[in-house]
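Chemist: Sending over query.txt (compact mmCIF, C-alpha atoms).
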# COMPACT_ATOMS: atom_id res chain seq x y z
CA MET A 20 10.09 12.06 -30.72
CA ARG A 21 9.42 9.08 -32.97
CA VAL A 22 6.36 6.84 -32.55
CA SER A 23 8.53 3.98 -31.25
CA SER A 24 10.06 6.31 -28.64
CA TRP A 25 6.59 7.40 -27.52
CA ALA A 26 5.45 3.78 -27.26
CA LEU A 27 8.55 2.91 -25.23
CA LEU A 28 8.04 5.92 -22.96
CA CYS A 29 4.35 5.09 -22.37
CA GLY A 30 5.14 1.43 -21.62
CA ALA A 31 7.94 2.39 -19.25
CA ALA A 32 5.70 4.91 -17.45
CA VAL A 33 2.96 2.31 -16.87
CA CYS A 34 5.57 -0.21 -15.70
CA TYR A 35 6.93 2.39 -13.29
CA GLY A 36 3.42 3.00 -11.92
CA ILE A 37 2.97 -0.74 -11.30
CA TYR A 38 6.42 -0.92 -9.68
CA GLU A 39 5.72 1.98 -7.32
CA SER A 40 2.26 0.86 -6.22
CA ALA A 41 2.91 -2.89 -6.03
CA PHE A 42 6.57 -3.17 -5.05
CA ALA A 43 7.96 0.05 -3.58
CA SER A 44 4.98 0.71 -1.32
CA GLY A 45 5.41 -2.62 0.48
CA ALA A 46 9.15 -3.21 0.20
CA PRO A 47 11.44 -3.13 3.25
CA TRP A 48 13.70 -0.18 4.04
CA PRO A 49 15.74 1.06 2.15
CA LEU A 50 14.18 -0.44 -1.00
CA ASP A 51 10.94 1.45 -0.31
CA LEU A 52 12.83 4.71 -0.86
CA ALA A 53 13.80 3.75 -4.43
CA ARG A 54 11.25 5.88 -6.31
CA PRO A 55 13.22 7.35 -9.20
CA LEU A 56 10.38 9.07 -11.07
CA PRO A 57 11.31 12.71 -10.16
CA ALA A 58 14.89 12.17 -11.35
CA LEU A 59 13.66 10.60 -14.61
CA LEU A 60 11.17 13.42 -15.21
CA VAL A 61 13.86 16.04 -14.61
CA MET A 62 16.16 14.23 -17.01
CA LEU A 63 13.45 14.20 -19.70
CA VAL A 64 12.95 17.95 -19.27
CA MET A 65 16.71 18.56 -19.40
CA LEU A 66 16.95 16.50 -22.60
CA ASN A 67 14.38 18.87 -24.14
CA ARG A 68 11.58 16.31 -24.03
CA PRO A 69 9.11 18.14 -21.74
CA ASN A 70 6.07 16.70 -23.52
CA GLY A 71 7.44 13.23 -22.85
CA ALA A 72 7.79 14.17 -19.17
CA TYR A 73 4.14 15.30 -19.02
CA VAL A 74 2.94 12.07 -20.64
CA ALA A 75 5.15 9.92 -18.39
CA ALA A 76 3.92 11.74 -15.27
CA ALA A 77 0.27 11.35 -16.30
CA LEU A 78 0.56 7.65 -17.18
CA ALA A 79 2.69 6.62 -14.20
CA GLY A 80 0.44 8.64 -11.86
CA SER A 81 -2.72 7.11 -13.32
CA ALA A 82 -1.29 3.59 -12.87
CA VAL A 83 -0.41 4.39 -9.23
CA ASP A 84 -3.87 5.87 -8.60
CA LEU A 85 -5.57 2.84 -10.15
CA LEU A 86 -3.56 0.30 -8.18
CA THR A 87 -3.37 2.06 -4.82
CA ALA A 88 -5.54 0.32 -2.26
CA GLY A 89 -7.34 2.73 0.06
CA PRO A 90 -7.89 6.46 -0.31
CA GLY A 91 -6.52 7.84 -3.57
CA SER A 92 -3.40 9.99 -3.47
CA LEU A 93 -3.99 11.82 -6.78
CA ALA A 94 -0.49 10.88 -7.93
CA ALA A 95 -1.23 11.86 -11.56
CA VAL A 96 -2.19 15.42 -10.59
CA ARG A 97 0.74 15.75 -8.16
CA TRP A 98 3.30 14.63 -10.70
CA LEU A 99 1.82 16.75 -13.49
CA LEU A 100 2.09 19.78 -11.20
CA ALA A 101 5.69 18.84 -10.41
CA VAL A 102 6.59 18.55 -14.11
CA THR A 103 4.90 21.90 -14.84
CA ALA A 104 7.05 23.54 -12.16
CA VAL A 105 10.23 21.87 -13.39
CA ASP A 106 9.46 22.76 -17.00
CA ALA A 107 8.78 26.41 -16.13
CA LEU A 108 11.98 26.68 -14.08
CA SER A 109 14.15 25.03 -16.69
CA GLU A 110 12.89 27.42 -19.36
CA THR A 111 13.16 30.62 -17.38
CA VAL A 112 15.75 30.39 -14.58
CA LEU A 113 17.87 27.25 -14.80
CA THR A 114 18.41 27.28 -18.52
CA ASN A 115 21.86 25.69 -18.46
CA ARG A 116 22.24 21.92 -18.37
CA SER A 117 24.51 21.40 -15.39
CA LEU A 118 24.63 19.04 -12.42
CA PHE A 119 23.67 21.98 -10.21
CA SER A 120 20.53 22.60 -12.34
CA ALA A 121 19.62 18.91 -12.19
CA VAL A 122 19.90 18.87 -8.40
CA VAL A 123 17.85 22.05 -7.98
CA LEU A 124 15.19 20.82 -10.43
CA VAL A 125 14.84 17.46 -8.69
CA THR A 126 14.56 19.30 -5.35
CA VAL A 127 11.76 21.44 -6.79
CA CYS A 128 10.09 18.36 -8.29
CA ARG A 129 10.08 16.49 -4.96
CA GLY A 130 9.10 19.66 -3.09
CA VAL A 131 6.04 20.24 -5.29
CA ASP A 132 5.13 16.55 -4.94
CA VAL A 133 5.32 16.74 -1.12
CA ALA A 134 3.39 20.03 -1.03
CA ALA A 135 0.64 18.64 -3.28
CA ALA A 136 0.50 15.45 -1.20
CA SER A 137 0.11 17.54 1.96
CA VAL A 138 -2.80 19.45 0.40
CA VAL A 139 -4.45 16.15 -0.67
CA SER A 140 -3.93 14.81 2.85
CA LEU A 141 -5.40 17.90 4.51
CA VAL A 142 -8.40 17.95 2.18
CA GLY A 143 -8.99 14.25 2.84
CA GLU A 144 -8.72 14.62 6.59
CA PHE A 145 -10.51 17.86 7.32
CA ILE A 146 -12.96 18.37 4.46
CA LEU A 147 -13.87 14.87 3.28
CA LYS A 148 -13.49 13.49 6.86
CA ARG A 149 -11.54 10.44 5.89
CA SER A 150 -8.02 9.37 6.64
CA GLY A 151 -5.62 11.15 4.32
CA MET A 152 -2.52 9.69 2.78
CA SER A 153 0.42 9.11 5.06
CA LEU A 154 3.10 11.78 5.20
CA GLY A 155 6.00 10.40 7.17
CA ILE A 156 8.66 13.12 7.03
CA GLY A 157 11.37 10.48 7.40
CA ALA A 158 10.09 8.64 4.33
CA TRP A 159 10.01 11.84 2.28
CA LEU A 160 13.51 12.79 3.37
CA GLY A 161 14.79 9.31 2.52
CA ALA A 162 13.15 9.52 -0.90
CA TYR A 163 14.73 12.95 -1.42
CA VAL A 164 18.20 11.64 -0.58
CA PHE A 165 17.62 8.81 -3.07
CA ASP A 166 16.50 11.42 -5.65
CA LEU A 167 19.72 13.39 -5.20
CA VAL A 168 21.98 10.36 -5.51
CA PHE A 169 20.06 8.93 -8.46
CA THR A 170 19.97 12.30 -10.28
CA CYS A 171 23.73 12.73 -9.90
CA LEU A 172 24.39 9.19 -11.18
CA LEU A 173 21.96 9.63 -14.08
CA PHE A 174 23.45 13.00 -15.03
CA LEU A 175 26.99 11.65 -14.93
CA ALA A 176 25.99 8.57 -16.94
CA PHE A 177 24.38 10.75 -19.63
CA THR A 178 27.40 13.03 -19.70
CA VAL A 179 29.91 10.19 -19.98
CA PHE A 180 28.06 7.92 -22.39
CA THR A 181 26.19 10.36 -24.62
CA ARG A 182 28.22 13.57 -24.14
CA ARG A 183 24.89 15.39 -24.05
CA PHE A 184 25.60 17.80 -21.26
CA LEU A 185 29.24 18.52 -22.07
CA VAL A 186 29.93 22.20 -22.68
CA THR A 187 31.76 22.72 -25.98
CA VAL A 188 34.31 25.51 -26.06
CA SER A 189 35.66 26.53 -29.45
CA VAL A 190 39.41 26.74 -29.37
CA GLY A 191 40.92 28.84 -32.14
CA ARG A 192 44.52 29.68 -33.00
CA PRO A 193 46.09 31.70 -30.22
CA THR A 194 46.68 35.32 -31.11
CA VAL A 195 50.34 35.98 -31.51
CA TYR A 196 51.56 39.54 -31.21
CA GLU A 197 54.70 40.07 -33.16
CA PRO A 198 57.00 42.87 -32.22
CA MET B 20 1.33 31.17 -27.52
CA THR B 21 4.52 29.60 -26.16
CA ARG B 22 5.10 25.86 -26.27
CA ARG B 23 4.88 25.58 -22.45
CA ALA B 24 1.62 27.52 -22.19
CA ASN B 25 0.19 25.29 -24.90
CA THR B 26 1.23 22.12 -23.06
CA VAL B 27 -0.04 23.36 -19.68
CA LEU B 28 -3.40 24.28 -21.24
CA THR B 29 -3.66 20.86 -22.91
CA VAL B 30 -2.82 19.08 -19.64
CA ALA B 31 -5.32 21.21 -17.68
CA ALA B 32 -8.03 20.55 -20.27
CA ALA B 33 -7.30 16.80 -20.19
CA LEU B 34 -7.52 16.82 -16.38
CA CYS B 35 -10.84 18.71 -16.45
CA VAL B 36 -12.26 16.23 -18.97
CA ALA B 37 -11.03 13.32 -16.83
CA VAL B 38 -12.63 14.80 -13.69
CA VAL B 39 -15.98 15.32 -15.47
CA LEU B 40 -15.96 11.83 -17.00
CA ARG B 41 -14.97 10.31 -13.62
CA ALA B 42 -17.75 12.20 -11.80
CA ALA B 43 -20.25 11.00 -14.42
CA GLY B 44 -19.08 7.42 -13.91
CA LEU B 45 -18.12 7.03 -17.56
CA LEU B 46 -14.50 6.17 -16.74
CA LEU B 47 -15.35 3.27 -14.43
CA PRO B 48 -15.38 0.52 -17.12
CA ILE B 49 -12.05 1.79 -18.50
CA GLU B 50 -10.56 1.99 -14.99
CA ASP B 51 -11.74 -1.53 -14.23
CA PHE B 52 -10.28 -2.84 -17.48
CA ALA B 53 -6.92 -1.10 -16.89
CA ARG B 54 -6.80 -2.34 -13.27
CA ASN B 55 -7.53 -5.87 -14.46
CA ALA B 56 -4.84 -5.66 -17.16
CA MET B 57 -2.24 -4.57 -14.56
CA ALA B 58 -3.41 -7.06 -11.92
CA TYR B 59 -1.06 -9.90 -12.87
CA PRO B 60 2.28 -7.99 -12.90
CA ALA B 61 1.16 -6.10 -9.81
CA SER B 62 0.40 -9.30 -7.89
CA VAL B 63 3.80 -10.75 -8.88
CA LEU B 64 5.62 -7.61 -7.70
CA THR B 65 3.58 -7.50 -4.50
CA ALA B 66 4.54 -11.11 -3.79
CA TRP B 67 8.23 -10.30 -4.35
CA SER B 68 8.07 -7.31 -2.07
CA GLY B 69 6.35 -9.45 0.60
CA ARG B 70 9.02 -12.13 0.39
CA LEU B 71 11.77 -9.51 0.59
CA THR B 72 10.17 -7.96 3.66
CA GLU B 73 9.96 -11.39 5.24
CA ARG B 74 13.65 -12.15 4.55
CA TRP B 75 14.73 -8.68 5.70
CA GLY B 76 12.65 -9.03 8.86
CA ALA B 77 14.20 -12.43 9.58
CA ALA B 78 17.68 -10.91 9.72
CA LYS B 79 17.60 -9.81 13.38
CA GLY B 80 20.21 -9.54 16.06
CA LEU B 81 20.97 -12.41 18.43
CA ASP B 82 19.47 -10.64 21.48
CA GLN B 83 16.26 -9.95 19.61
CA CYS B 84 16.07 -13.58 18.47
CA LEU B 85 16.58 -14.88 22.02
CA GLU B 86 13.94 -12.54 23.38
CA GLN B 87 11.50 -13.62 20.69
CA LYS B 88 12.30 -17.29 21.34
CA ASN B 89 11.59 -16.94 25.08
CA ASP B 90 8.36 -15.10 24.35
CA LEU B 91 7.24 -17.76 21.88
CA GLU B 92 8.10 -20.56 24.31
CA ARG B 93 5.95 -18.91 26.99
CA ARG B 94 3.10 -18.64 24.53
CA LEU B 95 3.53 -22.19 23.30
CA SER B 96 3.26 -23.62 26.81
CA SER B 97 0.14 -21.55 27.47
CA LEU B 98 -1.45 -22.51 24.14
CA SER B 99 -0.52 -26.18 24.54
CA VAL B 100 -2.75 -26.40 27.62
CA ASP B 101 -5.58 -24.78 25.66
CA TYR B 102 -4.96 -27.11 22.73
CA VAL B 103 -5.24 -30.28 24.84
CA ARG B 104 -8.45 -28.99 26.42
CA LEU B 105 -9.92 -28.03 23.02
CA ARG B 106 -8.92 -31.35 21.50
CA ALA B 107 -10.85 -33.16 24.21
CA LEU B 108 -13.84 -30.89 23.65
CA GLU B 109 -13.65 -31.43 19.89
CA GLU B 110 -13.72 -35.19 20.27
CA GLU B 111 -16.63 -34.93 22.66
CA ASN B 112 -18.38 -32.61 20.21
CA ALA B 113 -17.89 -35.04 17.33
CA VAL B 114 -19.41 -37.86 19.37
CA LEU B 115 -22.38 -35.70 20.33
CA ARG B 116 -22.94 -34.57 16.74
CA LYS B 117 -22.87 -38.14 15.55
CA THR B 118 -25.38 -39.07 18.18
CA LEU B 119 -27.72 -36.29 17.14
CA ALA B 120 -27.09 -36.84 13.36
CA TYR B 121 -26.31 -33.13 13.10
CA THR B 122 -25.29 -31.86 9.68
CA GLN B 123 -22.98 -28.89 9.80
CA SER B 124 -23.80 -25.98 7.56
CA GLN B 125 -21.92 -22.76 8.09
CA GLY B 126 -23.64 -20.96 5.24
CA TYR B 127 -20.37 -19.50 3.91
CA ASP B 128 -18.00 -20.45 1.13
CA ALA B 129 -14.50 -19.12 0.54
CA VAL B 130 -13.52 -17.18 -2.59
CA MET B 131 -9.78 -17.29 -3.15
CA ALA B 132 -8.18 -13.99 -4.18
CA GLN B 133 -4.71 -12.73 -4.92
CA VAL B 134 -3.31 -9.56 -3.36
CA ILE B 135 -2.62 -7.04 -6.16
CA SER B 136 -1.20 -4.23 -4.04
CA ARG B 137 -0.65 -3.29 -0.42
CA SER B 138 -0.84 0.08 1.20
CA MET B 139 1.02 -0.33 4.45
CA ALA B 140 1.95 2.96 6.11
CA PRO B 141 1.81 4.15 9.74
CA ASP B 142 -1.72 5.46 9.31
CA ARG B 143 -3.18 2.99 6.84
CA ALA B 144 -3.39 -0.72 6.17
CA TYR B 145 -5.13 -1.78 3.00
CA PHE B 146 -4.98 -4.56 0.43
CA MET B 147 -6.35 -4.59 -3.07
CA ILE B 148 -7.50 -8.03 -4.24
CA ASP B 149 -8.31 -9.35 -7.71
CA ARG B 150 -11.95 -10.28 -7.00
CA GLY B 151 -14.95 -7.99 -7.18
CA SER B 152 -18.69 -7.69 -7.45
CA ARG B 153 -18.85 -10.14 -10.36
CA ASP B 154 -17.55 -12.83 -7.98
CA GLY B 155 -20.33 -12.06 -5.52
CA LEU B 156 -18.22 -9.92 -3.17
CA GLU B 157 -19.91 -7.23 -1.09
CA ASP B 158 -18.90 -4.53 1.40
CA GLY B 159 -18.34 -5.83 4.93
CA MET B 160 -17.39 -9.41 4.02
CA ALA B 161 -14.66 -11.06 6.09
CA VAL B 162 -11.24 -11.70 4.56
CA ILE B 163 -9.11 -14.49 6.06
CA THR B 164 -5.78 -16.17 5.39
CA GLY B 165 -5.48 -19.79 4.29
CA GLU B 166 -5.03 -20.78 7.95
CA GLY B 167 -8.33 -19.11 8.84
CA VAL B 168 -6.93 -16.03 10.60
CA PHE B 169 -9.14 -12.95 10.20
CA LEU B 170 -7.35 -10.18 8.26
CA GLY B 171 -9.98 -7.52 7.72
CA LYS B 172 -13.16 -6.50 5.95
CA ILE B 173 -13.97 -5.55 2.39
CA THR B 174 -14.67 -1.82 2.25
CA THR B 175 -14.76 -0.98 -1.46
CA VAL B 176 -16.00 -3.26 -4.21
CA ARG B 177 -15.52 -2.71 -7.92
CA GLU B 178 -16.46 -5.06 -10.73
CA ARG B 179 -13.20 -7.03 -10.77
CA THR B 180 -11.27 -5.73 -7.75
CA ALA B 181 -11.95 -4.90 -4.12
CA ASN B 182 -10.22 -3.06 -1.25
CA VAL B 183 -9.70 -4.80 2.08
CA THR B 184 -9.31 -2.69 5.23
CA LEU B 185 -7.07 -4.61 7.62
CA THR B 186 -7.65 -4.70 11.39
CA ALA B 187 -4.60 -2.47 12.00
CA ASP B 188 -6.07 0.39 9.93
CA PRO B 189 -7.23 3.28 12.16
CA THR B 190 -10.68 3.22 10.52
CA SER B 191 -11.22 -0.50 11.18
CA ARG B 192 -13.65 -1.74 13.88
CA VAL B 193 -14.32 -5.45 14.49
CA ALA B 194 -16.51 -7.02 17.19
CA VAL B 195 -14.66 -9.77 19.09
CA SER B 196 -15.31 -12.36 21.77
CA LEU B 197 -13.48 -15.19 23.48
CA PRO B 198 -13.42 -18.41 21.42
CA GLY B 199 -16.70 -20.27 21.42
CA LYS B 200 -18.52 -17.65 23.55
CA HIS B 201 -20.30 -15.93 20.60
CA LYS B 202 -20.95 -12.95 22.84
CA LEU B 203 -19.72 -9.45 22.09
CA MET B 204 -16.85 -8.77 24.46
CA GLY B 205 -15.09 -5.78 22.94
CA LEU B 206 -14.20 -3.92 19.81
CA VAL B 207 -10.89 -4.24 17.98
CA GLU B 208 -9.82 -0.79 16.81
CA GLY B 209 -6.88 -0.32 14.48
CA ARG B 210 -4.11 1.89 15.83
CA GLY B 211 -1.95 2.00 12.72
CA ASN B 212 1.60 0.78 12.27
CA GLY B 213 0.42 -2.85 12.32
CA THR B 214 -1.10 -2.62 15.80
CA ALA B 215 -4.63 -2.87 17.16
CA GLU B 216 -6.33 -2.40 20.51
CA VAL B 217 -9.37 -4.07 22.03
CA THR B 218 -11.58 -1.43 23.63
CA LEU B 219 -14.91 -1.34 25.48
CA ILE B 220 -14.25 -4.58 27.40
CA PRO B 221 -16.58 -4.67 30.42
CA GLN B 222 -14.79 -4.85 33.78
CA GLN B 223 -16.37 -8.18 34.67
CA GLU B 224 -14.85 -9.93 31.60
CA ALA B 225 -11.90 -12.11 32.56
CA LEU B 226 -9.22 -11.40 30.00
CA GLN B 227 -5.51 -11.99 30.34
CA ALA B 228 -2.34 -11.94 28.25
CA ASN B 229 -2.03 -14.69 25.61
CA ASP B 230 -5.81 -15.15 25.33
CA VAL B 231 -6.94 -15.73 21.76
CA LEU B 232 -9.72 -13.45 20.52
CA THR B 233 -12.13 -14.41 17.75
CA THR B 234 -14.84 -12.63 15.81
CA ALA B 235 -18.05 -12.37 17.81
CA GLY B 236 -20.37 -13.19 14.93
CA THR B 237 -22.55 -10.20 15.79
CA GLU B 238 -21.68 -8.37 12.59
CA ASP B 239 -23.50 -8.88 9.37
CA LYS B 240 -21.47 -11.01 6.87
CA ILE B 241 -18.75 -11.92 9.41
CA PRO B 242 -19.10 -15.41 10.89
CA ALA B 243 -18.15 -16.14 14.49
CA ASP B 244 -14.96 -17.88 15.67
CA LEU B 245 -12.45 -16.50 13.17
CA VAL B 246 -9.18 -15.93 15.01
CA VAL B 247 -8.38 -12.20 15.14
CA GLY B 248 -5.29 -12.08 17.36
CA LEU B 249 -3.59 -12.70 20.65
CA VAL B 250 -3.93 -10.46 23.70
CA ASN B 251 -0.58 -8.92 24.53
CA GLU B 252 -1.28 -6.80 27.57
CA VAL B 253 -4.44 -5.84 29.43
CA SER B 254 -4.84 -2.28 30.75
CA ASN B 255 -7.21 -2.15 33.66
CA ARG B 256 -7.95 0.88 35.82
CA PRO B 257 -10.54 0.16 38.51
CA THR B 258 -12.09 3.62 38.05
CA ASP B 259 -12.75 3.12 34.33
CA PRO B 260 -15.98 1.44 33.22
CA PHE B 261 -14.14 -0.51 30.53
CA LYS B 262 -10.85 -2.33 30.14
CA SER B 263 -8.65 -2.23 27.08
CA ALA B 264 -6.01 -4.59 25.74
CA ALA B 265 -3.22 -4.49 23.20
CA LEU B 266 -3.83 -7.06 20.47
CA GLU B 267 -1.08 -8.80 18.55
CA PRO B 268 -1.91 -10.02 15.06
CA LEU B 269 -1.11 -13.66 14.31
CA VAL B 270 -0.04 -13.01 10.73
CA ARG B 271 2.07 -10.29 9.22
CA PRO B 272 0.09 -8.70 6.38
CA GLU B 273 3.33 -8.09 4.46
CA SER B 274 3.75 -11.83 3.94
CA VAL B 275 0.20 -12.55 2.76
CA GLU B 276 -0.15 -13.23 -0.97
CA ILE B 277 -3.39 -15.19 -1.24
CA VAL B 278 -6.50 -14.59 0.86
CA SER B 279 -10.01 -16.03 1.10
CA VAL B 280 -13.15 -13.94 1.21
CA LEU B 281 -16.03 -15.50 3.13
CA ARG B 282 -19.09 -15.14 0.94
CA SER B 283 -22.55 -16.07 2.02
CA GLN B 284 -23.63 -19.13 0.03
CA ALA B 285 -26.78 -17.27 -0.98
CA LEU B 286 -24.60 -14.76 -2.86
CA ARG B 287 -22.75 -17.36 -4.94
CA PRO B 288 -23.05 -16.29 -8.61
CA ALA B 289 -25.06 -18.64 -10.79
CA PRO B 290 -22.78 -20.88 -12.94
Please render this file's structure as structure tokens.
Modeler:
Amino acid sequence: MRVSSWALLCGAAVCYGIYESAFASGAPWPLDLARPLPALLVMLVMLNRPNGAYVAAALAGSAVDLLTAGPGSLAAVRWLLAVTAVDALSETVLTNRSLFSAVVLVTVCRGVDVAAASVVSLVGEFILKRSGMSLGIGAWLGAYVFDLVFTCLLFLAFTVFTRRFLVTVSVGRPTVYEP
Amino acid sequence: MTRRANTVLTVAAALCVAVVLRAAGLLLPIEDFARNAMAYPASVLTAWSGRLTERWGAAKGLDQCLEQKNDLERRLSSLSVDYVRLRALEEENAVLRKTLAYTQSQGYDAVMAQVISRSMAPDRAYFMIDRGSRDGLEDGMAVITGEGVFLGKITTVRERTANVTLTADPTSRVAVSLPGKHKLMGLVEGRGNGTAEVTLIPQQEALQANDVLTTAGTEDKIPADLVVGLVNEVSNRPTDPFKSAALEPLVRPESVEIVSVLRSQALRPAP
């Protein structure tokens, strides 16, 4: 990636962090479900920019942690863990770049995020004896549905406008058997 | 070493370094600077989200609107009686003060602050504001709206920002009394989801629906007579030593953009 791309990515990640902590956390339903970071991280990994995904996750998470009022949710650590899982899966199991892969990867990304958030919540509540972060299952499910829709739209947009994920099949001259 | 292992190791090392620096307190100035740099866009976005919530909330069904209207009319008639009585008392008070040449000194001044972010979930209710220890803010100070309604207390203070725990937060406890009584009558405990309950009300206290509750003034750094909320329903079992009551807040935290922190005049920073 070029320096300008890195600068753009870093700026966008910080802006996303501000958006999530200042706008999405207090917005009315269904706008509060619009948290597209997992889909964007998955797309970065699928476009072979995993390092960009790590940097974006760290910066956006740090911005959220800095601006979240109340007990910290360790968003940076959660999202870095999610990107690590997505990166590992996309290199070992889901190596093809299909819509199916994108959906599975975004499911894994959100799943790791929820699991890490649950651990943070349990640690906060039972070990540090303070109120943990909220884990409304309805909110998570809503965010997951948004993830799926947004991932599909993003994948289709990339396919249509950049032809990145189109599978190329070489078509040669048909073999003709002459009697 | 593969590319992924390399990246994971780098990330893990960066996290370890960050944890050590954070624990040593070396990251605090950088955190404060970054928070301050993001404060302006965050406060703008928070204000937008508040306005959207307000507009969204206003779009209710006709039945709900009628029910709310009837409820508000009932309250208005009850409060009008109180208002007339208080107005008479206020005029009498002014005359008496004039007679005694009494100079009023509350000992508090208000520091205006902007809400940078909100954390409103079923089990938490926090604000982050753009004022901190360098403005003379301290833990436990009262935070009010422009109309003087009590919102919550400051619970975490940094150099340029502070966290406010609202009365609806499950960890919040505020001592309350009836207006003008200045006597501890009960404790407002947050119940989450924007609600609060007054507990530990002695049986002999006369409390009924639509009564206004104010701060008792028994807590350090919180002056008396700040309006906390309106009593919705009183639960009273004769066998229990205490009564409890559901408290309705007078302002919706989602719509608050600017707040005032009541700072003791003795803590005002030197110019």
Chemist: Looking at A:Ser44, A:Ser81, A:Thr181, A:Ser23, which one is nearest to chain B, with distances taken over all atoms listed in the file?
Modeler: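 Once distances to chain B are computed over all atoms listed in the file, the minimum belongs to A:Ser44.
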Chemist: Which of these residues is nearest to Tyr38 (chain A), using all atoms listed in the file: B:Thr180, B:Thr233, B:Thr65, B:Asn25?
Modeler: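 Using all atoms listed in the file, Tyr38 (chain A) sits closest to B:Thr65.
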Chemist: Could you list, as JSON, numbers by chain, the residues of chain B having an atom within 9 Å of chain A when counting all atoms listed in the file?
Modeler: {"B": [23, 26, 27, 30, 34, 50, 51, 53, 54, 57, 58, 60, 61, 62, 63, 64, 65, 66, 67, 68, 69, 70, 71, 72, 73, 75, 76, 135, 136, 137, 138, 139, 140, 141, 142, 143, 144, 145, 146, 147, 148, 174, 175, 181, 182, 183, 184, 189, 190, 273]}
Chemist: For the point (-7.1, -20.4, 3.1) in file coordinates, what residues are within 10 Å, counting all atoms listed in the file? Give the answer as a PDB file with C-alpha atoms, keeping the file's coordinate frame?
Modeler:
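Final output, saved to point.pdb:
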ATOM      1  CA  ALA B 129     -14.500 -19.120   0.540  1.00  0.00           C
ATOM      2  CA  VAL B 130     -13.520 -17.180  -2.590  1.00  0.00           C
ATOM      3  CA  MET B 131      -9.780 -17.290  -3.150  1.00  0.00           C
ATOM      4  CA  ALA B 132      -8.180 -13.990  -4.180  1.00  0.00           C
ATOM      5  CA  VAL B 162     -11.240 -11.700   4.560  1.00  0.00           C
ATOM      6  CA  ILE B 163      -9.110 -14.490   6.060  1.00  0.00           C
ATOM      7  CA  THR B 164      -5.780 -16.170   5.390  1.00  0.00           C
ATOM      8  CA  GLY B 165      -5.480 -19.790   4.290  1.00  0.00           C
ATOM      9  CA  GLU B 166      -5.030 -20.780   7.950  1.00  0.00           C
ATOM     10  CA  GLY B 167      -8.330 -19.110   8.840  1.00  0.00           C
ATOM     11  CA  VAL B 168      -6.930 -16.030  10.600  1.00  0.00           C
ATOM     12  CA  ILE B 277      -3.390 -15.190  -1.240  1.00  0.00           C
ATOM     13  CA  VAL B 278      -6.500 -14.590   0.860  1.00  0.00           C
ATOM     14  CA  SER B 279     -10.010 -16.030   1.100  1.00  0.00           C
ATOM     15  CA  VAL B 280     -13.150 -13.940   1.210  1.00  0.00           C
TER      16      VAL B 280
END
Chemist: Please, what is the axis-aligned box for every listed atom of region 92-107 of chain A with 8 Å on each side, as centre and edge lengths in Å to one decimal, as AutoDock Vina command-line options?
Modeler:
--center_x 3.1 --center_y 18.2 --center_z -10.2 --size_x 30.2 --size_y 32.4 --size_z 29.5
Chemist: Can you measure CA of Phe261 (chain B) to CA of Thr218 (chain B) for me? One decimal in Å is fine.
Modeler: 7.4 Å
